[in-house]
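Data file: entry.pdb. Format and content: PDB, C-alpha atoms.
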ATOM      1  CA  MET V  20      -4.415 -25.793   1.802
ATOM      2  CA  ILE V  21      -1.938 -22.947   1.544
ATOM      3  CA  ASP V  22      -4.614 -20.504   0.409
ATOM      4  CA  ALA V  23      -6.770 -21.423   3.400
ATOM      5  CA  SER V  24      -3.945 -20.458   5.738
ATOM      6  CA  ARG V  25      -3.429 -17.264   3.751
ATOM      7  CA  TYR V  26      -7.006 -16.185   4.428
ATOM      8  CA  THR V  27      -6.852 -17.271   8.059
ATOM      9  CA  ASP V  28      -3.661 -15.277   8.556
ATOM     10  CA  PHE V  29      -5.232 -12.246   6.888
ATOM     11  CA  ALA V  30      -8.272 -12.524   9.165
ATOM     12  CA  LEU V  31      -6.307 -12.869  12.397
ATOM     13  CA  ARG V  32      -3.289 -10.635  11.749
ATOM     14  CA  GLU V  33      -4.614  -7.891   9.485
ATOM     15  CA  ALA V  34      -8.393  -7.657   9.779
ATOM     16  CA  ARG V  35      -8.845  -8.494  13.469
ATOM     17  CA  GLY V  36      -9.540  -5.333  15.422
ATOM     18  CA  VAL V  37      -9.542  -3.341  12.178
ATOM     19  CA  SER V  38     -12.362  -4.776  10.047
ATOM     20  CA  PRO V  39     -14.808  -7.212  11.684
ATOM     21  CA  THR V  40     -16.477  -7.688   8.292
ATOM     22  CA  TYR V  41     -13.288  -8.853   6.598
ATOM     23  CA  GLU V  42     -12.214 -10.926   9.597
ATOM     24  CA  ARG V  43     -15.478 -12.873   9.546
ATOM     25  CA  LEU V  44     -15.532 -13.209   5.761
ATOM     26  CA  SER V  45     -11.887 -14.269   5.427
ATOM     27  CA  LEU V  46     -12.314 -16.996   8.034
ATOM     28  CA  ALA V  47     -15.336 -18.240   6.089
ATOM     29  CA  ILE V  48     -13.366 -18.262   2.817
ATOM     30  CA  ALA V  49     -10.588 -20.229   4.506
ATOM     31  CA  ALA V  50     -13.156 -22.977   5.203
ATOM     32  CA  ASP V  51     -14.898 -22.760   1.820
ATOM     33  CA  GLU V  52     -13.543 -25.554  -0.375
ATOM     34  CA  GLN V  53     -15.431 -24.361  -3.459
ATOM     35  CA  ILE V  54     -14.000 -20.838  -3.383
ATOM     36  CA  LEU V  55     -10.521 -22.144  -2.583
ATOM     37  CA  ALA V  56     -10.763 -24.480  -5.564
ATOM     38  CA  LEU V  57     -11.663 -21.553  -7.809
ATOM     39  CA  LEU V  58      -8.775 -19.500  -6.447
ATOM     40  CA  ALA V  59      -6.417 -22.362  -7.264
ATOM     41  CA  THR V  60      -7.129 -21.753 -10.965
ATOM     42  CA  VAL V  61      -5.489 -18.295 -10.965
ATOM     43  CA  PRO V  62      -1.788 -17.489 -10.435
ATOM     44  CA  LYS V  63      -0.704 -17.461  -6.810
ATOM     45  CA  PRO V  64      -0.177 -13.657  -6.610
ATOM     46  CA  LYS V  65      -3.794 -13.226  -7.735
ATOM     47  CA  ARG V  66      -5.235 -15.218  -4.814
ATOM     48  CA  GLN V  67      -4.520 -12.635  -2.120
ATOM     49  CA  PRO V  68      -7.433 -11.634   0.131
ATOM     50  CA  ASN V  69      -7.311  -7.890  -0.539
ATOM     51  CA  LEU V  70      -7.509  -8.479  -4.280
ATOM     52  CA  LEU V  71     -10.413 -10.937  -4.186
ATOM     53  CA  LEU V  72     -12.416  -8.871  -1.716
ATOM     54  CA  GLY V  73     -11.758  -5.667  -3.653
ATOM     55  CA  VAL V  74     -12.831  -7.212  -6.952
ATOM     56  CA  VAL V  75     -16.069  -8.567  -5.491
ATOM     57  CA  ARG V  76     -16.851  -5.160  -4.003
ATOM     58  CA  LEU V  77     -16.044  -3.443  -7.321
ATOM     59  CA  LEU V  78     -18.551  -5.743  -9.028
ATOM     60  CA  GLY V  79     -21.234  -4.905  -6.462
ATOM     61  CA  GLY V  80     -21.016  -8.202  -4.591
ATOM     62  CA  PRO V  81     -21.842  -8.603  -0.877
ATOM     63  CA  VAL V  82     -19.074  -8.851   1.721
ATOM     64  CA  ASP V  83     -21.103  -8.531   4.922
ATOM     65  CA  ASP V  84     -22.659 -12.005   4.656
ATOM     66  CA  PRO V  85     -20.333 -14.967   4.010
ATOM     67  CA  ALA V  86     -23.158 -17.104   2.552
ATOM     68  CA  ALA V  87     -24.171 -14.363   0.116
ATOM     69  CA  PHE V  88     -20.485 -13.819  -0.777
ATOM     70  CA  HIS V  89     -20.163 -17.541  -1.510
ATOM     71  CA  ASP V  90     -23.194 -17.542  -3.797
ATOM     72  CA  PHE V  91     -22.145 -14.365  -5.619
ATOM     73  CA  THR V  92     -18.584 -15.594  -6.149
ATOM     74  CA  LEU V  93     -19.662 -18.930  -7.590
ATOM     75  CA  ALA V  94     -22.322 -17.341  -9.809
ATOM     76  CA  HIS V  95     -20.006 -14.630 -11.146
ATOM     77  CA  TRP V  96     -16.674 -16.438 -11.158
ATOM     78  CA  PRO V  97     -15.825 -15.877 -14.862
ATOM     79  CA  VAL V  98     -15.955 -12.081 -14.498
ATOM     80  CA  ILE V  99     -14.300 -12.215 -11.068
ATOM     81  CA  GLU V 100     -11.493 -14.338 -12.487
ATOM     82  CA  ALA V 101     -10.984 -11.927 -15.372
ATOM     83  CA  GLU V 102     -10.699  -8.998 -12.965
ATOM     84  CA  LEU V 103      -8.290 -10.903 -10.697
ATOM     85  CA  ARG V 104      -6.009 -11.653 -13.631
ATOM     86  CA  THR V 105      -5.875  -8.062 -14.884
ATOM     87  CA  ARG V 106      -5.876  -6.070 -11.650
ATOM     88  CA  ALA V 107      -3.457  -5.647  -8.764
ATOM     89  CA  THR V 108      -3.924  -4.349  -5.252
ATOM     90  CA  GLN V 109      -3.224  -0.643  -5.618
ATOM     91  CA  THR V 110      -4.204   0.508  -2.168
ATOM     92  CA  ASN V 111      -3.090   4.081  -2.738
ATOM     93  CA  GLU V 112      -3.256   4.896   0.964
ATOM     94  CA  SER V 113      -2.193   8.492   1.586
ATOM     95  CA  GLY V 114      -2.102   7.685   5.309
ATOM     96  CA  ARG V 115       1.231   5.968   4.720
ATOM     97  CA  CYS V 116       2.773   9.398   4.192
ATOM     98  CA  ALA V 117       2.650   9.722   7.989
ATOM     99  CA  LEU V 118       5.172   6.864   8.098
ATOM    100  CA  LEU V 119       7.454   8.570   5.582
ATOM    101  CA  LEU V 120       7.356  12.056   7.062
ATOM    102  CA  PRO V 121       9.830  11.537   9.960
ATOM    103  CA  VAL V 122      12.444  10.391   7.434
ATOM    104  CA  LEU V 123      11.618  12.814   4.633
ATOM    105  CA  SER V 124      11.727  15.849   6.918
ATOM    106  CA  ALA V 125      15.208  14.877   8.170
ATOM    107  CA  LEU V 126      16.828  14.501   4.736
ATOM    108  CA  PRO V 127      18.734  17.312   2.980
ATOM    109  CA  GLN V 128      16.180  19.592   1.349
ATOM    110  CA  PRO V 129      14.764  20.127  -1.236
ATOM    111  CA  LEU V 130      13.560  16.691  -2.305
ATOM    112  CA  ALA V 131      12.832  15.000  -5.619
ATOM    113  CA  LEU V 132      10.352  12.191  -4.900
ATOM    114  CA  LEU V 133      10.072   9.074  -7.048
ATOM    115  CA  GLU V 134       7.520   6.499  -5.936
ATOM    116  CA  VAL V 135       7.720   2.916  -7.208
ATOM    117  CA  GLY V 136       4.279   1.324  -7.407
ATOM    118  CA  ALA V 137       2.684   4.752  -7.311
ATOM    119  CA  ALA V 138      -0.862   3.772  -8.445
ATOM    120  CA  ALA V 139      -2.542   7.207  -8.724
ATOM    121  CA  GLY V 140       0.347   9.022  -7.063
ATOM    122  CA  LEU V 141      -1.357   9.982  -3.792
ATOM    123  CA  GLY V 142       1.817   9.135  -1.886
ATOM    124  CA  LEU V 143       3.724  11.830  -3.760
ATOM    125  CA  TYR V 144       2.234  14.745  -1.796
ATOM    126  CA  PRO V 145       3.645  14.436   1.750
ATOM    127  CA  ASP V 146       4.234  18.190   1.733
ATOM    128  CA  ARG V 147       0.543  18.982   1.184
ATOM    129  CA  TYR V 148      -1.161  16.886   3.840
ATOM    130  CA  THR V 149      -1.831  17.521   7.523
ATOM    131  CA  TYR V 150      -0.408  15.130  10.128
ATOM    132  CA  ARG V 151      -1.485  14.385  13.671
ATOM    133  CA  TYR V 152       0.855  12.376  15.888
ATOM    134  CA  GLY V 153      -1.092  12.255  19.125
ATOM    135  CA  ASP V 154      -1.390  15.883  20.264
ATOM    136  CA  HIS V 155       1.250  17.108  17.807
ATOM    137  CA  GLU V 156      -0.127  18.482  14.535
ATOM    138  CA  ILE V 157       1.807  19.719  11.528
ATOM    139  CA  GLY V 158       0.563  20.982   8.170
ATOM    140  CA  SER V 159      -2.584  22.834   7.193
ATOM    141  CA  GLY V 160      -3.996  21.345   4.001
ATOM    142  CA  GLY V 161      -5.381  18.219   2.413
ATOM    143  CA  PRO V 162      -6.548  15.225   4.452
ATOM    144  CA  VAL V 163      -5.607  14.858   8.115
ATOM    145  CA  LEU V 164      -3.422  11.784   8.629
ATOM    146  CA  ASP V 165      -3.505  10.345  12.150
ATOM    147  CA  CYS V 166      -0.591   8.177  13.277
ATOM    148  CA  ALA V 167       0.205   6.816  16.736
ATOM    149  CA  LEU V 168       3.958   7.386  16.948
ATOM    150  CA  THR V 169       6.118   5.866  19.691
ATOM    151  CA  GLY V 170       9.847   5.694  20.261
ATOM    152  CA  THR V 171      10.816   9.015  18.686
ATOM    153  CA  THR V 172       9.741  12.640  18.602
ATOM    154  CA  PRO V 173       7.310  13.759  15.878
ATOM    155  CA  PRO V 174       8.693  15.687  12.909
ATOM    156  CA  THR V 175       8.500  19.466  13.175
ATOM    157  CA  ARG V 176       8.531  20.436   9.506
ATOM    158  CA  LEU V 177       7.104  19.353   6.178
ATOM    159  CA  PRO V 178       9.495  18.405   3.372
ATOM    160  CA  ASP V 179      10.294  20.828   0.566
ATOM    161  CA  VAL V 180       9.348  18.881  -2.568
ATOM    162  CA  VAL V 181      10.412  20.358  -5.906
ATOM    163  CA  TRP V 182       9.815  17.339  -8.165
ATOM    164  CA  ARG V 183       7.539  14.313  -7.939
ATOM    165  CA  ALA V 184       7.092  11.343 -10.255
ATOM    166  CA  GLY V 185       5.699   7.830 -10.035
ATOM    167  CA  LEU V 186       6.365   4.514 -11.734
ATOM    168  CA  ASP V 187       3.726   1.796 -12.025
ATOM    169  CA  LEU V 188       2.873  -1.117 -14.314
ATOM    170  CA  ASN V 189      -0.673   0.251 -14.441
ATOM    171  CA  PRO V 190      -0.817   3.877 -13.299
ATOM    172  CA  LEU V 191      -4.222   5.175 -12.270
ATOM    173  CA  GLN V 192      -5.698   8.618 -12.841
ATOM    174  CA  VAL V 193      -7.571  10.440 -10.099
ATOM    175  CA  THR V 194      -9.586  12.176 -12.813
ATOM    176  CA  ASP V 195     -10.898   8.822 -14.130
ATOM    177  CA  PRO V 196     -14.068   7.690 -12.278
ATOM    178  CA  ASP V 197     -13.329   4.022 -13.036
ATOM    179  CA  ASP V 198      -9.861   4.273 -11.507
ATOM    180  CA  VAL V 199     -11.216   6.025  -8.423
ATOM    181  CA  ALA V 200     -13.904   3.334  -8.115
ATOM    182  CA  TRP V 201     -11.173   0.692  -7.979
ATOM    183  CA  LEU V 202      -9.274   2.623  -5.312
ATOM    184  CA  GLU V 203     -12.455   2.908  -3.251
ATOM    185  CA  ALA V 204     -13.231  -0.808  -3.673
ATOM    186  CA  LEU V 205      -9.892  -1.608  -2.059
ATOM    187  CA  ILE V 206     -10.818   0.318   1.105
ATOM    188  CA  TRP V 207     -12.215  -1.952   3.798
ATOM    189  CA  PRO V 208     -15.987  -1.735   4.387
ATOM    190  CA  GLU V 209     -16.038  -0.016   7.782
ATOM    191  CA  HIS V 210     -13.372   2.542   6.894
ATOM    192  CA  GLN V 211     -15.379   5.591   5.927
ATOM    193  CA  HIS V 212     -12.552   7.769   7.265
ATOM    194  CA  ARG V 213     -10.229   6.225   4.663
ATOM    195  CA  ARG V 214     -12.746   6.835   1.877
ATOM    196  CA  ASP V 215     -12.980  10.477   2.967
ATOM    197  CA  ARG V 216      -9.195  10.636   3.109
ATOM    198  CA  LEU V 217      -8.886   9.141  -0.361
ATOM    199  CA  ARG V 218     -11.219  11.742  -1.834
ATOM    200  CA  ALA V 219      -9.391  14.591  -0.107
ATOM    201  CA  ALA V 220      -5.996  13.307  -1.282
ATOM    202  CA  ALA V 221      -7.359  12.776  -4.803
ATOM    203  CA  ALA V 222      -8.435  16.418  -4.868
ATOM    204  CA  VAL V 223      -4.874  17.458  -3.974
ATOM    205  CA  ALA V 224      -3.439  15.302  -6.759
ATOM    206  CA  ALA V 225      -6.028  16.402  -9.323
ATOM    207  CA  ALA V 226      -5.164  20.061  -8.701
ATOM    208  CA  ASP V 227      -1.506  19.422  -9.572
ATOM    209  CA  PRO V 228      -1.193  16.010 -11.277
ATOM    210  CA  PRO V 229       2.117  14.207 -10.808
ATOM    211  CA  THR V 230       4.169  12.657 -13.577
ATOM    212  CA  LEU V 231       3.104   8.999 -13.708
ATOM    213  CA  ILE V 232       5.030   6.658 -15.978
ATOM    214  CA  ARG V 233       3.846   3.213 -17.040
ATOM    215  CA  GLY V 234       6.871   1.010 -16.574
ATOM    216  CA  ASP V 235       8.838  -1.671 -14.761
ATOM    217  CA  LEU V 236      10.563  -1.030 -11.459
ATOM    218  CA  VAL V 237      13.882  -2.353 -12.787
ATOM    219  CA  ASP V 238      13.903  -1.629 -16.490
ATOM    220  CA  ASP V 239      12.456   1.870 -16.346
ATOM    221  CA  LEU V 240      13.637   3.230 -12.997
ATOM    222  CA  PRO V 241      17.056   4.604 -14.040
ATOM    223  CA  ALA V 242      15.659   6.753 -16.863
ATOM    224  CA  LEU V 243      12.988   8.269 -14.656
ATOM    225  CA  ALA V 244      15.415   8.867 -11.785
ATOM    226  CA  ALA V 245      17.715  10.682 -14.213
ATOM    227  CA  GLN V 246      14.975  13.288 -14.756
ATOM    228  CA  ALA V 247      15.179  14.493 -11.147
ATOM    229  CA  PRO V 248      16.484  18.069 -11.011
ATOM    230  CA  ALA V 249      20.065  18.764 -10.040
ATOM    231  CA  GLY V 250      20.397  20.240  -6.579
ATOM    232  CA  ALA V 251      17.530  18.194  -5.122
ATOM    233  CA  THR V 252      17.922  15.061  -3.018
ATOM    234  CA  LEU V 253      16.479  12.136  -4.950
ATOM    235  CA  VAL V 254      14.299   9.900  -2.760
ATOM    236  CA  VAL V 255      13.060   6.636  -4.255
ATOM    237  CA  PHE V 256      10.370   5.079  -2.069
ATOM    238  CA  HIS V 257       7.742   2.344  -2.043
ATOM    239  CA  THR V 258       5.123   1.121   0.426
ATOM    240  CA  SER V 259       3.652  -2.405   0.380
ATOM    241  CA  VAL V 260       4.693  -3.019  -3.212
ATOM    242  CA  LEU V 261       7.511  -5.562  -3.342
ATOM    243  CA  TYR V 262       5.448  -8.487  -2.038
ATOM    244  CA  GLN V 263       3.787  -8.473  -5.475
ATOM    245  CA  VAL V 264       7.144  -8.674  -7.276
ATOM    246  CA  PRO V 265       8.843 -12.040  -8.047
ATOM    247  CA  ALA V 266      11.891 -12.680  -5.876
ATOM    248  CA  ASP V 267      14.429 -12.371  -8.685
ATOM    249  CA  ARG V 268      13.044  -9.017  -9.847
ATOM    250  CA  ARG V 269      12.840  -7.850  -6.241
ATOM    251  CA  ALA V 270      16.536  -8.620  -5.801
ATOM    252  CA  ALA V 271      17.388  -6.845  -9.056
ATOM    253  CA  PHE V 272      15.437  -3.788  -7.902
ATOM    254  CA  THR V 273      17.125  -3.575  -4.495
ATOM    255  CA  ASP V 274      20.557  -3.906  -6.117
ATOM    256  CA  LEU V 275      19.645  -1.135  -8.561
ATOM    257  CA  VAL V 276      18.109   1.291  -6.099
ATOM    258  CA  ARG V 277      21.064   1.017  -3.706
ATOM    259  CA  ASP V 278      23.330   2.348  -6.453
ATOM    260  CA  LEU V 279      21.198   5.341  -7.393
ATOM    261  CA  PRO V 280      22.173   8.747  -6.025
ATOM    262  CA  GLY V 281      20.163  10.069  -3.090
ATOM    263  CA  HIS V 282      18.203   7.880  -0.689
ATOM    264  CA  TRP V 283      15.870   4.888  -0.674
ATOM    265  CA  ILE V 284      12.898   4.524   1.686
ATOM    266  CA  SER V 285      10.961   1.273   1.918
ATOM    267  CA  VAL V 286       7.896   0.240   3.901
ATOM    268  CA  GLU V 287       7.499  -3.490   3.363
ATOM    269  CA  ALA V 288       6.866  -6.708   5.279
ATOM    270  CA  PRO V 289      10.042  -7.924   7.023
ATOM    271  CA  GLU V 290      10.040 -11.265   5.198
ATOM    272  CA  VAL V 291       9.807  -9.474   1.851
ATOM    273  CA  MET V 292      12.995  -7.549   2.563
ATOM    274  CA  GLY V 293      14.756 -10.419   4.331
ATOM    275  CA  TYR V 294      15.643  -8.465   7.470
ATOM    276  CA  ARG V 295      17.367 -10.377  10.246
ATOM    277  CA  GLY V 296      17.716  -9.687  13.935
ATOM    278  CA  LEU V 297      14.714  -7.387  14.249
ATOM    279  CA  PRO V 298      13.298  -6.882  17.728
ATOM    280  CA  PRO V 299       9.764  -8.217  18.266
ATOM    281  CA  ALA V 300       6.896  -6.264  16.737
ATOM    282  CA  PRO V 301       4.693  -4.361  19.206
ATOM    283  CA  ASP V 302       1.947  -7.019  19.080
ATOM    284  CA  GLY V 303       0.698  -9.971  17.064
ATOM    285  CA  ALA V 304      -0.838  -7.842  14.300
ATOM    286  CA  LEU V 305       0.816  -7.705  10.902
ATOM    287  CA  HIS V 306       3.507  -5.028  10.781
ATOM    288  CA  ASN V 307       5.699  -3.687   8.020
ATOM    289  CA  VAL V 308       9.158  -2.202   8.478
ATOM    290  CA  LEU V 309      10.152   1.353   7.602
ATOM    291  CA  ALA V 310      13.758   1.431   6.393
ATOM    292  CA  LEU V 311      16.141   4.072   5.071
ATOM    293  CA  ASP V 312      18.784   2.881   2.608
ATOM    294  CA  GLY V 313      18.146  -0.695   3.727
ATOM    295  CA  THR V 314      18.472   0.014   7.468
ATOM    296  CA  PRO V 315      15.301  -0.761   9.482
ATOM    297  CA  LEU V 316      13.983   2.171  11.524
ATOM    298  CA  ALA V 317      10.454   1.379  12.721
ATOM    299  CA  TRP V 318       7.597  -1.098  12.831
ATOM    300  CA  THR V 319       4.569   0.265  10.981
ATOM    301  CA  ARG V 320       0.922  -0.667  10.494
ATOM    302  CA  GLY V 321      -0.447  -1.188   7.012
ATOM    303  CA  HIS V 322      -2.559   1.934   6.562
ATOM    304  CA  GLY V 323      -0.205   4.328   8.343
ATOM    305  CA  GLN V 324      -2.227   4.331  11.549
ATOM    306  CA  ALA V 325       0.730   3.576  13.824
ATOM    307  CA  MET V 326       4.504   3.256  13.938
ATOM    308  CA  ALA V 327       6.899   2.220  16.664
ATOM    309  CA  TRP V 328      10.502   3.328  16.308
ATOM    310  CA  LEU V 329      13.107   0.611  16.845
ATOM    311  CA  THR V 330      15.285   1.104  19.897
TER     312      THR V 330
END
As C-alpha cells, please, write out the structure in this file.
Amino acid sequence: MIDASRYTDFALREARGVSPTYERLSLAIAADEQILALLATVPKPKRQPNLLLGVVRLLGGPVDDPAAFHDFTLAHWPVIEAELRTRATQTNESGRCALLLPVLSALPQPLALLEVGAAAGLGLYPDRYTYRYGDHEIGSGGPVLDCALTGTTPPTRLPDVVWRAGLDLNPLQVTDPDDVAWLEALIWPEHQHRRDRLRAAAAVAAADPPTLIRGDLVDDLPALAAQAPAGATLVVFHTSVLYQVPADRRAAFTDLVRDLPGHWISVEAPEVMGYRGLPPAPDGALHNVLALDGTPLAWTRGHGQAMAWLT
C-alpha cells in the first residue's frame, strides 16, 4: 500500500531522532489496515502523516498510544475526515527564518518580502527574531532560533524589511484562538520549545500584523507583488509549500515567479523542485533544499534546526 510506505518513510526519515512518539505511531499506522482503508477514502494530498496527526491532536485524540489512537480514529472518523478535507498542513514554523537569513542578509537592501503559503505570516518577520548559529548570535528580540550551520559563515546582519505581505488559500490570524490552536496542533508532541517559539513569534506578528491575502499562488501573485514599494528588493519566498500543489500549478508558479522582478527563495524537497546533480544529503534524514532564483545553495532540515551549505 502506497500510504503504508508514506507513513513508514515519515517515521524513519522525519520523525526518527526528532519525535519518538510520532515515529512509533506512524509505524503502527503503516501496519493498520483499518486506518489505511479509511485514509484511502480521502484525496491523496489529505492522507499525509502531519495532517492526520495534527487533526487528531486538534480534536483531543491520543497520539502517545497507538492502540488508543486506532480506537479514537475509528470512533471519530466522520469528524476527522471532515477536518482532513478542509484543512492543510500550515506548519508556520518561524525557525525556518534561520534558513532564509543567510540569503536575505546578502541581498540588496531594503527588502519587500512576499511569502507564498504564509499561513499566519510568522515567516515574514526575519528582521525581528534572534538567531543562534552555534556560538554566533545575532538579533535581540522575539524568539531565539537555533540552527546548526555548516559550510559557510553565519550572517552578520539582519535584513532591512520595509514591506511584508503573505498569500495563502486559507490565511490564519494570530489573534484568533482557533487558528492558533491549529498551529499548535501541528507541532510535534515532544517539541515544547517549538510551542514556546510559536507563541513568541505570534506575539511579534500580533503587535504589527502583516498583510495577508486569501488567494492562489499563480492567479493572485502578480497583483500582490505589484504592491511592493519602489526602491525595495522584492523577495518572493516559500518553505515546504509546493509539495501540496498539483504538478501543473507548481510548474505555472515557478515559470511566473522567475519572471517577477527581484529574487525568489525556495525551501522545498528536492523531488518537488526537480533538482538534478545534487551532492548527497548530510545523512539519511529527510532534507529540503534552500535555493535562490532556482539555484540550490544548501541542504536544510524541516523545522530550521540545521543547514549544510553545498560545496
Residue IDs satisfying the PyMOL selection byres ((chain V and resi 166) around 6), as a PyMOL selection string: chain V and resi 152+165+167-168+324-325
Residue IDs satisfying the PyMOL selection byres ((chain V and resi 65-79) around 10), as a PyMOL selection string: chain V and resi 22+25-30+41+44-45+48+55+57-64+80-82+88+91-92+95-96+98-110+197+200-208+263
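Across the model, the gap from atom CA of Ala138 of chain V to atom CA of Asp198 of chain V is 9.5 Å.
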Put a box with edges along x, y and z around all the listed atoms of segment 128-147 of chain V, pad it by 3 Å on each side, then give me its centre and sizes in Å, one decimal, as AutoDock Vina command-line options.
--center_x 6.8 --center_y 10.7 --center_z -3.5 --size_x 24.7 --size_y 24.8 --size_z 16.5
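Atom CA of Leu31 of chain V is positioned 26.5 Å from atom CA of Gly153 of chain V.
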